[in-house]
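K.L.:
First the structure, then my questions, so here it is.
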Amino acid sequence: MQKFQEGDIFLHFEHLIKQSVERLAQMLEKSVPEKDVFSVGIPKERTFGDLSTNAAMVLAKEWKLSPQTIAIQLQKDLAKVPEITSVSVAGAGFLNITVAQECLLSFLTHLLALGQDYGRSLTGKGQKVNVEYVSANPTGPLHAGHLRGAVTGDVLATLLAFTGFEVTREYYINDAGHQIDVLTDTLYYRYQKLLDVDVPEPKEYYPGTYLMASAQRLIDRDGKKWLNDPYWRPSVTAFAIDEMMHLIKEDMEALGVHHDVFSSERALVEAGKVDGALTFLKNHGLIYEGILTPPKGKVIEDWEERPQTLFRSTDFGDDSDRPLKKSDGSWTYFATDIAYHLDKIHRGFTSIIDFWGADHGGYVKRMAAAIKALSANAPVSFDVCLCQIVRFIQNGQEVRMSKRAGTFVEAKDVIEKVGKDAVRFFMLTRRDDAPLDFDFAKVVEETRDNPVFYVQYAHARVCSVLRQCAASFPDVPAEEFSSVCPFRRTFVFQERELIKTLLSWPRQVELAARLREPHRIAFYLLDLATAFHALWTAGKDDAILRFVHPKDIQKTRENMVFVHAVQKVLSLGLRIVGITPVTELH
RNA sequence: GCGCCCGUAGCUCAAUUGGAUAGAGCGCCAGACUACGGAUCUGGAGGCUAGGGGUUCAAAUCCUCUCGGGCGCACCA
């Protein structure tokens, strides 16, 4: 079980430093704080060392001693640790550590042995997490705006699974309500038209051509059956939703996005879950009849002051109580959403993560309030990842997306145009709370400026070296080069930097999962590619650094370890973001 | 009017969640690449982190106010 952690050099040194702190505490007759209050990081300046810790500064307050005093004591003690070459005290009391070369090599050994499990952890302890993403309304295919949430949700789910959580990937189908009626009307209208029945077009309808294709399939399946059947509606609705979900699943398939569970709003309502959830709230005195005041500073034409069924969300941090029933007596979306989230709680999730578009920001507080109310005895953590909008740029112009204007970029078009891998990577090149420009020209460009290309190029280059090596030593099995052997010289700067980048992978994974920031993985891969390209080019200036030495197997063996390690981590990282690593360009 | 998100180099973005002299890419300037695979590499210039105040050994990060931008604000989902 401990084995995954063996690859984490930060954990290892945290442990070493903690031992040192304990020895010092005993000597000074002080106590060590329960929590791990100090941290191990990377020094600001590369020349300072490989790792640094703020332990002395943190303990200074606790022990009422100056940071320098503690730092010097720790320095003396740490200097005796075999994994450490040197320790220095700097700045306000930082300890900078230079790690012994053998130690770095031993971590490379761990890395290579762990392979696709490198960076995996048990942090989540098997806790059940529900990640809900995409959840596009089943009224048409996915559009470009759905891509970002789809990718970040998918990658976050992967990261959580990789860090030891039991993850359920979920899609909520909003298959009830007005829009579904409109969908049904549209499909029925197309159906009648295709069968030459002259009917007026519905007041509201979806103009997309995909519904004509669906209408044709309805005819293929059922013929004229529904033309004169007064009870056509339920069947046509069911058919329409199936059709739309089929389109959406095709789009998600093209993106490489998969869900474990598809939850239906309609099924939820029909199973009486809404009544159940609201009864629960009612029994806790959280529902009342009241009158809402209109928002100030915003004019609402047809405001009608009337009593409504309200949830006391202000008791749980919301700004206003929220209505649960519409004026026609049916449930609001919020009411069914409460039921849906209660259902998630009942399914045993201790953590619920929802991916929403930024335009739903105003909805977060009330949902958080509802979850607090629903899980009062056993709090469930709730996170909303609000994905900011993506602007699609073509020929330097923003592509406006508007259903009404008919300029509606379908997700499928974007994927076909630039490829699944480029879409996925690009969606991760920004924190999700920052808007993102998706420039079609840039995404397919083959330059340093295009992160997808740059990372894939690094991987292709790695593979090229592996091929070169195999060709130079046709009789030597590949494993000979993928295991660490004694290193006869001192690492050069680029090698040390590369190793440090390789060894920070587990930490980056952990951070990305914990902070719900999958973009960190994309940035990490760029860093790793940079470090590799740098070492590769250094081989041009200094022949020693060339990876393959056809006449010197020992030198080759020493250098090829880097190549294998980079290959492992790059391909693993790409796999986690759902991208297929390329082994050669073109 | 209220709430949420944001403001970092000319541009596009990072910054190990409170750490050291705030880092990359593009663009600009100066170099290297006679070939393990070609837009790859090495330098340089460029900053009062929108602005004021506060918290502490330490603030881009936390609190507060101001300015500026985005999103949302009964009965759509």
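Every chain in the structure tokens takes a letter, A first, then B, and so on in the order presented; its residues are numbered from 1, and the ligands are numbered from 1 following the presented order.
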Using backbone DSSP assignments, extract all helix (DSSP H, G or I) residues from segment 91-182 of chain A; output them as a PyMOL selection string.

P.N.:
chain A and resi 101-117+144-162+178-182

K.L.:
Keeping only C-alpha atoms, write the selected residues as a PDB file, in the first residue's frame.

P.N.:
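Full text of again-v3.pdb as output:
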ATOM      1  CA  GLN A 101      22.815  12.392  -6.700  1.00  0.00           C
ATOM      2  CA  GLU A 102      22.355   8.768  -5.617  1.00  0.00           C
ATOM      3  CA  CYS A 103      19.132   9.747  -3.927  1.00  0.00           C
ATOM      4  CA  LEU A 104      17.801  11.386  -7.098  1.00  0.00           C
ATOM      5  CA  LEU A 105      18.761   8.277  -9.021  1.00  0.00           C
ATOM      6  CA  SER A 106      16.973   6.074  -6.561  1.00  0.00           C
ATOM      7  CA  PHE A 107      13.821   8.101  -7.112  1.00  0.00           C
ATOM      8  CA  LEU A 108      14.227   7.634 -10.830  1.00  0.00           C
ATOM      9  CA  THR A 109      14.330   3.921 -10.088  1.00  0.00           C
ATOM     10  CA  HIS A 110      11.030   4.205  -8.246  1.00  0.00           C
ATOM     11  CA  LEU A 111       9.576   6.205 -11.099  1.00  0.00           C
ATOM     12  CA  LEU A 112      10.552   3.649 -13.696  1.00  0.00           C
ATOM     13  CA  ALA A 113       9.333   0.769 -11.576  1.00  0.00           C
ATOM     14  CA  LEU A 114       5.966   2.395 -10.917  1.00  0.00           C
ATOM     15  CA  GLY A 115       5.440   3.190 -14.578  1.00  0.00           C
ATOM     16  CA  GLN A 116       1.790   4.030 -15.199  1.00  0.00           C
ATOM     17  CA  ASP A 117       1.196   4.059 -11.443  1.00  0.00           C
ATOM     18  CA  ALA A 144     -18.926  24.160 -28.717  1.00  0.00           C
ATOM     19  CA  GLY A 145     -19.685  25.796 -25.406  1.00  0.00           C
ATOM     20  CA  HIS A 146     -20.059  22.397 -23.776  1.00  0.00           C
ATOM     21  CA  LEU A 147     -16.540  21.305 -24.638  1.00  0.00           C
ATOM     22  CA  ARG A 148     -14.744  22.998 -21.805  1.00  0.00           C
ATOM     23  CA  GLY A 149     -16.822  21.594 -18.985  1.00  0.00           C
ATOM     24  CA  ALA A 150     -16.793  18.205 -20.649  1.00  0.00           C
ATOM     25  CA  VAL A 151     -13.013  18.075 -20.770  1.00  0.00           C
ATOM     26  CA  THR A 152     -12.228  19.567 -17.387  1.00  0.00           C
ATOM     27  CA  GLY A 153     -14.877  17.448 -15.698  1.00  0.00           C
ATOM     28  CA  ASP A 154     -13.592  14.341 -17.350  1.00  0.00           C
ATOM     29  CA  VAL A 155      -9.975  15.036 -16.442  1.00  0.00           C
ATOM     30  CA  LEU A 156     -10.811  15.946 -12.870  1.00  0.00           C
ATOM     31  CA  ALA A 157     -12.694  12.677 -12.511  1.00  0.00           C
ATOM     32  CA  THR A 158      -9.646  10.824 -13.804  1.00  0.00           C
ATOM     33  CA  LEU A 159      -7.389  12.679 -11.393  1.00  0.00           C
ATOM     34  CA  LEU A 160      -9.610  11.883  -8.439  1.00  0.00           C
ATOM     35  CA  ALA A 161      -9.664   8.228  -9.360  1.00  0.00           C
ATOM     36  CA  PHE A 162      -5.890   8.338  -9.720  1.00  0.00           C
ATOM     37  CA  HIS A 178     -41.037  23.166 -21.014  1.00  0.00           C
ATOM     38  CA  GLN A 179     -38.090  22.727 -23.342  1.00  0.00           C
ATOM     39  CA  ILE A 180     -38.902  19.062 -23.709  1.00  0.00           C
ATOM     40  CA  ASP A 181     -42.416  19.960 -24.731  1.00  0.00           C
ATOM     41  CA  VAL A 182     -40.969  22.250 -27.358  1.00  0.00           C
TER      42      VAL A 182
END

K.L.:
Near chain A, which residues of chain B fall within 6 Å when you count only C-alpha atoms (C1' of nucleotides), and what do they look like as a PyMOL selection string?

P.N.:
chain B and resi 1+4+20+36+39+41+71-72+75

K.L.:
Could you please take those selected residues and save N, CA and C atoms (P, O5', C5', C4', C3', O3' and C1' of nucleotides) as an mmCIF file, in the first residue's frame?

P.N.:
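Written out: result.cif:
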data_model
loop_
_atom_site.group_PDB
_atom_site.id
_atom_site.type_symbol
_atom_site.label_atom_id
_atom_site.label_comp_id
_atom_site.auth_asym_id
_atom_site.auth_seq_id
_atom_site.Cartn_x
_atom_site.Cartn_y
_atom_site.Cartn_z
ATOM 1 P P G B 1 -25.262 51.107 -7.689
ATOM 2 O "O5'" G B 1 -26.660 50.951 -6.927
ATOM 3 C "C5'" G B 1 -26.783 51.034 -5.508
ATOM 4 C "C4'" G B 1 -27.691 49.944 -5.007
ATOM 5 C "C3'" G B 1 -27.010 48.587 -4.765
ATOM 6 O "O3'" G B 1 -26.409 48.541 -3.480
ATOM 7 C "C1'" G B 1 -28.996 48.257 -6.014
ATOM 8 P P C B 4 -20.515 37.526 -2.633
ATOM 9 O "O5'" C B 4 -20.267 36.679 -3.957
ATOM 10 C "C5'" C B 4 -20.499 35.282 -3.988
ATOM 11 C "C4'" C B 4 -20.270 34.752 -5.380
ATOM 12 C "C3'" C B 4 -18.880 34.987 -5.951
ATOM 13 O "O3'" C B 4 -17.931 34.047 -5.479
ATOM 14 C "C1'" C B 4 -20.483 35.579 -7.563
ATOM 15 P P A B 20 8.610 33.769 -2.507
ATOM 16 O "O5'" A B 20 9.916 34.589 -2.167
ATOM 17 C "C5'" A B 20 9.891 35.619 -1.169
ATOM 18 C "C4'" A B 20 11.302 35.834 -0.673
ATOM 19 C "C3'" A B 20 12.311 36.144 -1.773
ATOM 20 O "O3'" A B 20 13.302 36.999 -1.229
ATOM 21 C "C1'" A B 20 12.971 34.199 -0.651
ATOM 22 P P C B 36 22.566 14.871 -34.367
ATOM 23 O "O5'" C B 36 21.465 13.795 -33.950
ATOM 24 C "C5'" C B 36 20.919 12.955 -34.924
ATOM 25 C "C4'" C B 36 20.512 11.703 -34.235
ATOM 26 C "C3'" C B 36 19.016 11.601 -34.002
ATOM 27 O "O3'" C B 36 18.438 10.849 -35.052
ATOM 28 C "C1'" C B 36 20.222 11.101 -31.995
ATOM 29 P P A B 39 13.236 24.027 -37.629
ATOM 30 O "O5'" A B 39 11.704 24.405 -37.509
ATOM 31 C "C5'" A B 39 10.901 23.735 -36.574
ATOM 32 C "C4'" A B 39 10.914 24.542 -35.297
ATOM 33 C "C3'" A B 39 9.655 24.272 -34.477
ATOM 34 O "O3'" A B 39 10.007 24.487 -33.198
ATOM 35 C "C1'" A B 39 9.538 26.421 -35.543
ATOM 36 P P C B 41 12.657 25.005 -27.010
ATOM 37 O "O5'" C B 41 14.202 25.195 -26.741
ATOM 38 C "C5'" C B 41 14.954 24.178 -26.115
ATOM 39 C "C4'" C B 41 16.417 24.498 -26.220
ATOM 40 C "C3'" C B 41 16.842 25.774 -25.515
ATOM 41 O "O3'" C B 41 17.061 25.545 -24.135
ATOM 42 C "C1'" C B 41 17.754 25.743 -27.678
ATOM 43 P P C B 71 -21.171 39.560 -19.832
ATOM 44 O "O5'" C B 71 -21.622 38.528 -18.708
ATOM 45 C "C5'" C B 71 -21.436 37.133 -18.884
ATOM 46 C "C4'" C B 71 -21.815 36.391 -17.627
ATOM 47 C "C3'" C B 71 -23.230 36.614 -17.126
ATOM 48 O "O3'" C B 71 -24.204 35.892 -17.850
ATOM 49 C "C1'" C B 71 -21.740 36.751 -15.310
ATOM 50 P P G B 72 -25.641 36.493 -18.021
ATOM 51 O "O5'" G B 72 -26.281 36.321 -16.567
ATOM 52 C "C5'" G B 72 -26.487 35.020 -16.045
ATOM 53 C "C4'" G B 72 -26.778 35.076 -14.576
ATOM 54 C "C3'" G B 72 -28.027 35.839 -14.165
ATOM 55 O "O3'" G B 72 -29.205 35.090 -14.383
ATOM 56 C "C1'" G B 72 -26.256 36.405 -12.718
ATOM 57 P P C B 75 -37.180 32.098 -11.480
ATOM 58 O "O5'" C B 75 -38.719 31.725 -11.719
ATOM 59 C "C5'" C B 75 -39.263 30.574 -11.083
ATOM 60 C "C4'" C B 75 -40.739 30.477 -11.346
ATOM 61 C "C3'" C B 75 -41.161 30.415 -12.804
ATOM 62 O "O3'" C B 75 -40.971 29.159 -13.397
ATOM 63 C "C1'" C B 75 -42.531 31.923 -11.710
#

K.L.:
Considering only C-alpha atoms (C1' of nucleotides), return as a list in words whatever protein or nucleic-acid residues lie within 9 Å of Thr123 of chain A, sequence-local ones (same chain, fewer than 4 positions apart) excluded.

P.N.:
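Neighbouring residues, sequence-local ones excluded: Thr163, Gly164, Phe165 and Glu510 of chain A.
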
K.L.:
Would you please extract all strand (DSSP E or B) residues from segment 35-206 of chain A, as assigned by DSSP on the backbone, and give them as a ChimeraX atom specification?

P.N.:
/A:40-41,51-53,84-90,94-99,128-132,143,166-173

K.L.:
Let's have the selection written as a short mmCIF file (atom, residue, chain, number, x, y, z; two decimals), in the first residue's frame, with C-alpha atoms.

P.N.:
data_model
loop_
_atom_site.label_atom_id
_atom_site.label_comp_id
_atom_site.auth_asym_id
_atom_site.auth_seq_id
_atom_site.Cartn_x
_atom_site.Cartn_y
_atom_site.Cartn_z
CA VAL A 40 8.75 21.29 1.58
CA GLY A 41 9.01 23.13 -1.70
CA LEU A 51 14.43 21.47 -2.09
CA SER A 52 13.64 23.97 0.59
CA THR A 53 11.66 24.05 3.78
CA ILE A 84 21.52 15.24 1.65
CA THR A 85 24.69 16.67 0.14
CA SER A 86 24.47 20.08 1.70
CA VAL A 87 22.12 22.32 3.64
CA SER A 88 22.25 26.06 3.87
CA VAL A 89 20.33 28.67 5.77
CA ALA A 90 19.03 31.55 3.71
CA PHE A 94 14.76 28.96 4.88
CA LEU A 95 16.70 25.76 4.73
CA ASN A 96 17.90 24.94 1.26
CA ILE A 97 18.80 21.37 0.60
CA THR A 98 20.91 19.89 -2.13
CA VAL A 99 19.88 16.31 -2.68
CA LYS A 128 -17.08 8.16 -2.87
CA VAL A 129 -17.07 11.22 -5.10
CA ASN A 130 -19.70 12.14 -7.62
CA VAL A 131 -18.54 14.28 -10.51
CA GLU A 132 -21.34 15.59 -12.65
CA HIS A 143 -22.39 22.70 -28.97
CA GLU A 166 -14.02 6.09 -5.80
CA VAL A 167 -15.37 8.20 -8.60
CA THR A 168 -18.74 8.16 -10.30
CA ARG A 169 -18.97 10.16 -13.51
CA GLU A 170 -22.49 11.36 -13.90
CA TYR A 171 -24.68 13.07 -16.46
CA TYR A 172 -27.97 14.65 -15.45
CA ILE A 173 -30.55 14.52 -18.20
#

K.L.:
One decimal, in Å: what's the spacing between atom CA of Gln456 of chain A and atom CA of Leu570 of chain A?

P.N.:
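So the answer is 8.8 Å.
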
K.L.:
As a PDB file with N, CA and C atoms (P, O5', C5', C4', C3', O3' and C1' of nucleotides), in the first residue's frame, please: the residues near A50 of chain B (cut-off 9 Å, only C-alpha atoms (C1' of nucleotides), same-chain neighbours under 6 positions excluded).

P.N.:
ATOM      1  P     G B   7      -7.183  37.727 -11.175  1.00  0.00           P
ATOM      2  O5'   G B   7      -7.090  39.111 -11.945  1.00  0.00           O
ATOM      3  C5'   G B   7      -7.015  39.134 -13.357  1.00  0.00           C
ATOM      4  C4'   G B   7      -6.988  40.568 -13.850  1.00  0.00           C
ATOM      5  C3'   G B   7      -5.769  41.368 -13.398  1.00  0.00           C
ATOM      6  O3'   G B   7      -5.389  42.262 -14.429  1.00  0.00           O
ATOM      7  C1'   G B   7      -7.743  42.434 -12.653  1.00  0.00           C
ATOM      8  P     C B  67     -16.090  53.309  -6.543  1.00  0.00           P
ATOM      9  O5'   C B  67     -15.039  53.116  -7.719  1.00  0.00           O
ATOM     10  C5'   C B  67     -14.334  54.231  -8.254  1.00  0.00           C
ATOM     11  C4'   C B  67     -13.249  53.773  -9.204  1.00  0.00           C
ATOM     12  C3'   C B  67     -13.694  52.865 -10.340  1.00  0.00           C
ATOM     13  O3'   C B  67     -14.283  53.575 -11.407  1.00  0.00           O
ATOM     14  C1'   C B  67     -11.755  51.958  -9.356  1.00  0.00           C
ATOM     15  P     G B  68     -15.414  52.863 -12.269  1.00  0.00           P
ATOM     16  O5'   G B  68     -14.634  51.742 -13.083  1.00  0.00           O
ATOM     17  C5'   G B  68     -13.763  52.086 -14.151  1.00  0.00           C
ATOM     18  C4'   G B  68     -13.055  50.872 -14.673  1.00  0.00           C
ATOM     19  C3'   G B  68     -13.949  49.722 -15.144  1.00  0.00           C
ATOM     20  O3'   G B  68     -14.483  49.927 -16.438  1.00  0.00           O
ATOM     21  C1'   G B  68     -12.265  48.845 -13.757  1.00  0.00           C
TER      22        G B  68
END

K.L.:
For atom CA of Asp354 of chain A and atom CA of Leu286 of chain A, quote the distance in Å rounded to one decimal.

P.N.:
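Taking atom CA of Asp354 of chain A as the start and atom CA of Leu286 of chain A as the end point, the length is 23.9 Å.
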
K.L.:
Near G18 of chain B, within 9 Å and counting only C-alpha atoms (C1' of nucleotides), which residues show up once chain neighbours fewer than 5 positions away are dropped, as number ranges by chain?

P.N.:
B: 58-59, 61-62

K.L.:
Just to be explicit: take each residue in the selection above, keep N, CA and C atoms (P, O5', C5', C4', C3', O3' and C1' of nucleotides), and write the result as a CSV table (one decimal), in the first residue's frame.

P.N.:
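Generated file (part.csv):
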chain,number,residue,atom,x,y,z
B,58,A,P,6.5,41.0,8.8
B,58,A,O5',6.5,40.0,7.6
B,58,A,C5',7.5,40.2,6.6
B,58,A,C4',7.4,39.1,5.5
B,58,A,C3',6.1,39.1,4.7
B,58,A,O3',6.1,40.1,3.7
B,58,A,C1',6.7,36.9,5.4
B,59,A,P,4.8,40.8,3.3
B,59,A,O5',4.6,40.4,1.8
B,59,A,C5',4.3,39.0,1.5
B,59,A,C4',3.3,38.9,0.4
B,59,A,C3',2.8,40.2,-0.1
B,59,A,O3',2.3,40.0,-1.5
B,59,A,C1',1.0,39.1,1.0
B,61,U,P,-2.3,40.2,-2.1
B,61,U,O5',-2.8,38.7,-2.2
B,61,U,C5',-3.9,38.4,-3.0
B,61,U,C4',-4.0,36.9,-3.0
B,61,U,C3',-4.4,36.2,-1.7
B,61,U,O3',-5.4,35.2,-1.9
B,61,U,C1',-2.4,35.3,-2.5
B,62,C,P,-6.9,35.6,-1.6
B,62,C,O5',-6.8,35.8,0.0
B,62,C,C5',-7.1,34.7,0.9
B,62,C,C4',-7.2,35.2,2.3
B,62,C,C3',-8.0,36.5,2.5
B,62,C,O3',-9.4,36.2,2.5
B,62,C,C1',-6.0,36.6,3.7

K.L.:
I'd like the contact shell of Tyr206 of chain A - 9 Å cut-off, only C-alpha atoms (C1' of nucleotides), skipping same-chain residues fewer than 4 positions apart - returned as a PyMOL selection string.

P.N.:
chain A and resi 139-140+182-183+186-187+211+403

K.L.:
List as a list in words the protein and nucleic acid residues near segment 485-489 of chain A, meaning an atom at most 9 Å away when only C-alpha atoms (C1' of nucleotides) are counted, but skip any in the same chain fewer than 3 places from it.

P.N.:
Gln101, Glu102, Leu105, Phe481, Val492, Gln554, Lys555, Arg557, Glu558, Asn559 and Val561 of chain A
